[in-house]
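Asker: The structure that follows is given in the form of structure tokens.
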Amino acid sequence: MGLFSSLAEKLGNVFSKITSRGKLTEGDIKQAMREIRIALLEADVNYAVVKDFVARVSEKAVGEQVLKSLTPGQQVVKIVNDELVALMGSTNAKLEVSSKPPTVIMMCGLQGAGKTTFCGKLASYLVKQGKKPLLAACDVYRPAAINQLQVVGKRVNVPVFEQGAGDPVKIAAAAVKEAERLGHDTVIIDTAGRLHINEQLMDELKNIKQKTSPVEILLTVDSMTGQDAVNVAKTFNEELDITGVILTKLDGDTRGGAALSIRSVTGKPIKFCGTGEKPTDMEPFHPDRMASRILGMGDVLTLIEKAQNAVSEDEMRKMEKRIRENKFTLEDFLTQFKSLAKMGDINEVVAMIPGMSKANVDASQIDERINKYKSIILSMTPQERTHPEIIKSSRRKRIAAGSGTTVQEVNALLKQYDQTREMIKVANTGKMPQMQQKVIRQKRRFR
């Protein structure tokens, strides 16, 4: 299941009805708006937000310019897309940086929202930006919370400041002093959470805020809790005046309510979203890209960024050189499969490819096939990887036995490799248009 798959499917059904018609009447648009309203409410979007959203879209969609245009259905889709982007904040809200280091980032949220894990992800993200963060363990109540932060810090190679189960306000202030002493430019304070909001928690957070003067107060909310997440964000914002929200667990069964409501209800932007368990499973929140994914149009920019993060510049240069020289081997093919695995959940990757979120693609089958292909290549000798033409019948049987696959699967891999190499050769000779025509003809033949 892709991101907001249920909502995306329902909106896709609405749009396919209106885009298939040459002309639209006001009645057609009213019916479409009713269906969009139901889809958003079922996705647990705040009622007031849905009401305003549908009113804005309706007002623009029933205009003469839209109804009399050559493609009224497409115009309505564009209006919905633009309004979704505006609803989520229009642009990516970047982290603020203090004019005098260290920049203090205070993380808060209820227990179970993924706050401590996200502290590590944020630290890892900042290291990649050239920063030198320090994590501060100020959750002194939850058993093993300090230890969890230390484990998280070790994973991303970022130090953790802790003073045991002392006064969290004093620990936070001491962490900032320690950062100044050791030359850390950022302090990420992991504060305590509770199972529910209470006065004691809020007083403690206000005191930490007063003592450390954070430039960012980021609230982590569990996106799977929908309207509950929005209510939590509203209360924390009223008490603490947060600067932004982090949506965690967007890889789970997320209906979309939190992502589409939080900005309207709190007036504060979503700055990041968590999409998995690994330290790299986080993305800056881009409203335009998220709207594109919700509407099943893919997200090419995030896909490119994931690919760039998965492959080092040095590896990229070597691969480009080998491709230019027509020296693409099975070793290079293996490198590509490994890079794809580094890009994260295959379901997410597939959903980012335009058109693929609507296609009937079983991402788990793709994942399984990639793992089999990796096993097959790893069962080959170095000579076989660089000279696949020597892999005849007896070698194929040996490779299949060694990789726990079948001869047919070995044949399928070699065929795919040959096709990839042929495409590279064609691209290098500048004959791509002819190749595209050939592919189109083949597709027609198989219909």
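Identifiers for the structure tokens are assigned positionally: chains receive A, B, ... in sequence, residues are indexed from 1 per chain, and ligands are indexed from 1 in the order shown.
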What's the 9 Å shell around Ser20 of chain A, counting only C-alpha atoms, without same-chain residues fewer than 4 positions away, as an NGL selection string?

Answerer: :A and (15-16 or 73)

Asker: How would the residues just chosen look if you wrote them out with C-alpha atoms as a compact mmCIF listing (two decimals), in the first residue's frame?

Answerer:
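Okay, this is what ended up in result.txt:
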```
# COMPACT_ATOMS: atom_id res chain seq x y z
CA PHE A 15 -11.18 12.47 -11.35
CA SER A 16 -11.43 9.65 -13.88
CA GLY A 73 -11.92 17.86 -16.06
```

Asker: Pick from A:Val76, A:Ala165, A:Ala55, A:Ala192: nearest to Gly112 of chain A, with only C-alpha atoms counted?

Answerer: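 Answer, going by the shortest atom-to-atom distance: A:Ala192.
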
Asker: Can you list, as a list in words, every protein, DNA or RNA residue that comes within 10 Å of Met202 of chain A when you count only C-alpha atoms, leaving out same-chain residues fewer than 4 positions away?

Answerer: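 Using only C-alpha atoms, the neighbours found are Gly193, Ile197, Asn198, Lys206, Asn207, Ile208, Thr235, Phe236, Glu239 and Leu240 of chain A.
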
Asker: Export N, CA, C and O atoms of the chosen residues as an mmCIF file, in the first residue's frame?

Answerer:
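Generated file (out_18.cif):
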```
data_model
loop_
_atom_site.group_PDB
_atom_site.id
_atom_site.type_symbol
_atom_site.label_atom_id
_atom_site.label_comp_id
_atom_site.auth_asym_id
_atom_site.auth_seq_id
_atom_site.Cartn_x
_atom_site.Cartn_y
_atom_site.Cartn_z
ATOM 1 N N GLY A 193 7.899 12.527 27.169
ATOM 2 C CA GLY A 193 6.532 12.485 26.652
ATOM 3 C C GLY A 193 5.636 11.924 27.742
ATOM 4 O O GLY A 193 6.101 11.504 28.799
ATOM 5 N N ILE A 197 -1.726 14.445 27.462
ATOM 6 C CA ILE A 197 -1.282 15.795 27.852
ATOM 7 C C ILE A 197 -1.715 16.084 29.289
ATOM 8 O O ILE A 197 -2.861 15.850 29.652
ATOM 9 N N ASN A 198 -0.749 16.565 30.105
ATOM 10 C CA ASN A 198 -1.129 17.002 31.458
ATOM 11 C C ASN A 198 -0.327 18.243 31.857
ATOM 12 O O ASN A 198 0.635 18.634 31.189
ATOM 13 N N LYS A 206 7.705 24.118 29.317
ATOM 14 C CA LYS A 206 7.801 25.586 29.329
ATOM 15 C C LYS A 206 9.078 26.034 30.025
ATOM 16 O O LYS A 206 9.738 26.990 29.597
ATOM 17 N N ASN A 207 9.451 25.331 31.115
ATOM 18 C CA ASN A 207 10.681 25.677 31.848
ATOM 19 C C ASN A 207 11.927 25.392 31.014
ATOM 20 O O ASN A 207 12.893 26.168 31.021
ATOM 21 N N ILE A 208 11.915 24.268 30.270
ATOM 22 C CA ILE A 208 13.054 23.954 29.383
ATOM 23 C C ILE A 208 13.156 25.024 28.291
ATOM 24 O O ILE A 208 14.248 25.507 27.975
ATOM 25 N N THR A 235 -3.204 21.564 21.027
ATOM 26 C CA THR A 235 -2.940 21.825 22.455
ATOM 27 C C THR A 235 -1.488 22.220 22.690
ATOM 28 O O THR A 235 -1.204 23.191 23.397
ATOM 29 N N PHE A 236 -0.545 21.460 22.119
ATOM 30 C CA PHE A 236 0.877 21.781 22.293
ATOM 31 C C PHE A 236 1.174 23.179 21.758
ATOM 32 O O PHE A 236 1.955 23.929 22.344
ATOM 33 N N GLU A 239 -0.032 25.856 24.161
ATOM 34 C CA GLU A 239 0.764 25.916 25.396
ATOM 35 C C GLU A 239 2.205 26.377 25.156
ATOM 36 O O GLU A 239 2.787 27.094 25.959
ATOM 37 N N LEU A 240 2.799 25.919 24.050
ATOM 38 C CA LEU A 240 4.244 26.126 23.848
ATOM 39 C C LEU A 240 4.608 27.049 22.690
ATOM 40 O O LEU A 240 5.761 27.446 22.558
#
```

Asker: Pick out the closest residue to Val49 of chain A from this set: A:Pro133, A:Gly257, A:Gly402, A:Gly12. Count only C-alpha atoms.

Answerer: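 Looking only at the distances to Val49 of chain A, the closest residue turns out to be A:Gly257.
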
Asker: Of the candidates A:Gln111, A:Asn157, A:Ser124, A:Gln365, which one gets nearest to Thr280 of chain A if we count only C-alpha atoms?

Answerer: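 When distances to Thr280 of chain A are compared using only C-alpha atoms, the smallest one comes from A:Ser124.
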
Asker: If you run DSSP on the backbone, which residues of segment 91-304 of chain A are strand (DSSP E), as number ranges by chain?

Answerer: A: 103-108, 133-138, 160-161, 186-191, 216-222, 244-248, 270-274, 282-284

Asker: Could the residues in this selection be written to a file with N, CA and C atoms, as a short mmCIF file (atom, residue, chain, number, x, y, z; two decimals), in the first residue's frame?

Answerer:
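Result file selection-v4.cif:
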```cif
data_model
loop_
_atom_site.label_atom_id
_atom_site.label_comp_id
_atom_site.auth_asym_id
_atom_site.auth_seq_id
_atom_site.Cartn_x
_atom_site.Cartn_y
_atom_site.Cartn_z
N THR A 103 22.50 26.35 17.81
CA THR A 103 21.06 26.37 17.52
C THR A 103 20.41 25.30 18.39
N VAL A 104 19.43 25.70 19.19
CA VAL A 104 18.76 24.73 20.07
C VAL A 104 17.43 24.30 19.45
N ILE A 105 17.28 22.99 19.28
CA ILE A 105 16.05 22.40 18.75
C ILE A 105 15.43 21.55 19.86
N MET A 106 14.24 21.95 20.27
CA MET A 106 13.56 21.22 21.35
C MET A 106 12.51 20.30 20.72
N MET A 107 12.65 19.00 20.98
CA MET A 107 11.71 18.01 20.44
C MET A 107 10.69 17.66 21.52
N CYS A 108 9.41 17.68 21.16
CA CYS A 108 8.39 17.30 22.14
C CYS A 108 7.31 16.44 21.47
N PRO A 133 25.93 18.22 15.43
CA PRO A 133 24.92 18.23 16.49
C PRO A 133 25.33 17.48 17.77
N LEU A 134 24.64 17.82 18.86
CA LEU A 134 24.77 17.11 20.13
C LEU A 134 23.35 16.75 20.57
N LEU A 135 23.14 15.49 20.95
CA LEU A 135 21.83 15.06 21.45
C LEU A 135 21.80 15.20 22.97
N ALA A 136 20.69 15.70 23.52
CA ALA A 136 20.59 15.87 24.97
C ALA A 136 19.45 15.01 25.53
N ALA A 137 19.79 14.13 26.47
CA ALA A 137 18.82 13.19 27.03
C ALA A 137 18.08 13.83 28.22
N CYS A 138 16.89 14.37 27.96
CA CYS A 138 16.12 15.04 29.02
C CYS A 138 14.81 14.32 29.35
N VAL A 160 25.87 11.89 22.77
CA VAL A 160 24.68 12.15 23.60
C VAL A 160 25.13 12.72 24.95
N PHE A 161 24.54 13.85 25.34
CA PHE A 161 24.82 14.44 26.66
C PHE A 161 23.75 13.94 27.62
N THR A 186 24.72 22.66 17.04
CA THR A 186 23.29 22.37 17.22
C THR A 186 23.08 21.46 18.43
N VAL A 187 22.05 21.73 19.21
CA VAL A 187 21.66 20.85 20.32
C VAL A 187 20.23 20.39 20.06
N ILE A 188 20.04 19.07 20.06
CA ILE A 188 18.70 18.51 19.89
C ILE A 188 18.27 17.95 21.26
N ILE A 189 17.27 18.58 21.87
CA ILE A 189 16.83 18.18 23.21
C ILE A 189 15.68 17.19 23.10
N ASP A 190 15.90 15.97 23.59
CA ASP A 190 14.85 14.95 23.62
C ASP A 190 14.12 15.07 24.95
N THR A 191 12.92 15.65 24.93
CA THR A 191 12.18 15.87 26.17
C THR A 191 11.28 14.67 26.49
N GLU A 216 13.81 26.36 17.48
CA GLU A 216 12.81 25.45 16.93
C GLU A 216 12.20 24.62 18.06
N ILE A 217 10.88 24.58 18.13
CA ILE A 217 10.17 23.65 19.03
C ILE A 217 9.36 22.76 18.10
N LEU A 218 9.86 21.55 17.89
CA LEU A 218 9.26 20.64 16.92
C LEU A 218 8.43 19.57 17.63
N LEU A 219 7.18 19.46 17.24
CA LEU A 219 6.28 18.48 17.83
C LEU A 219 6.19 17.26 16.92
N THR A 220 6.50 16.08 17.48
CA THR A 220 6.33 14.85 16.71
C THR A 220 4.94 14.29 16.98
N VAL A 221 4.22 14.02 15.90
CA VAL A 221 2.89 13.40 16.06
C VAL A 221 2.81 12.16 15.18
N ASP A 222 2.10 11.17 15.68
CA ASP A 222 1.92 9.90 14.98
C ASP A 222 0.83 10.09 13.92
N GLY A 244 6.97 24.05 14.48
CA GLY A 244 6.71 23.14 13.37
C GLY A 244 6.32 21.76 13.87
N VAL A 245 5.86 20.95 12.93
CA VAL A 245 5.39 19.60 13.25
C VAL A 245 6.18 18.57 12.45
N ILE A 246 6.42 17.43 13.08
CA ILE A 246 7.04 16.29 12.39
C ILE A 246 6.02 15.17 12.37
N LEU A 247 5.68 14.68 11.20
CA LEU A 247 4.73 13.58 11.06
C LEU A 247 5.51 12.27 11.01
N THR A 248 5.31 11.40 11.98
CA THR A 248 6.01 10.12 11.96
C THR A 248 5.07 9.02 11.44
N ILE A 270 4.25 21.66 8.67
CA ILE A 270 4.87 20.34 8.84
C ILE A 270 6.27 20.48 8.23
N LYS A 271 7.31 20.20 9.00
CA LYS A 271 8.68 20.41 8.50
C LYS A 271 9.32 19.14 7.97
N PHE A 272 9.02 18.00 8.62
CA PHE A 272 9.60 16.72 8.17
C PHE A 272 8.56 15.62 8.32
N CYS A 273 8.82 14.51 7.62
CA CYS A 273 8.00 13.32 7.87
C CYS A 273 8.91 12.10 7.96
N GLY A 274 8.54 11.20 8.84
CA GLY A 274 9.28 9.94 9.02
C GLY A 274 8.60 8.85 8.22
N MET A 282 13.61 9.56 6.51
CA MET A 282 12.91 10.82 6.80
C MET A 282 13.05 11.72 5.59
N GLU A 283 12.09 12.60 5.40
CA GLU A 283 12.12 13.53 4.27
C GLU A 283 11.68 14.91 4.74
N PRO A 284 12.28 15.98 4.20
CA PRO A 284 11.68 17.30 4.41
C PRO A 284 10.28 17.26 3.79
#
```

Asker: State, in Å with one decimal place, the distance from atom CA of His196 of chain A to atom CA of Phe118 of chain A.

Answerer: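 For atom CA of His196 of chain A relative to atom CA of Phe118 of chain A, the distance reads 19.4 Å.
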
Asker: May I ask which of the residues A:Lys249, A:Asp185, A:Thr381, A:Ser6 is the closest one to Ser99 of chain A, counting only C-alpha atoms?

Answerer: A:Asp185

Asker: Hey, which of A:Ala291, A:Leu41, A:Val158, A:Ile376 ends up closest to Gln227 of chain A? Count only C-alpha atoms.

Answerer: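 That would be A:Leu41, the residue with the smallest distance to Gln227 of chain A.
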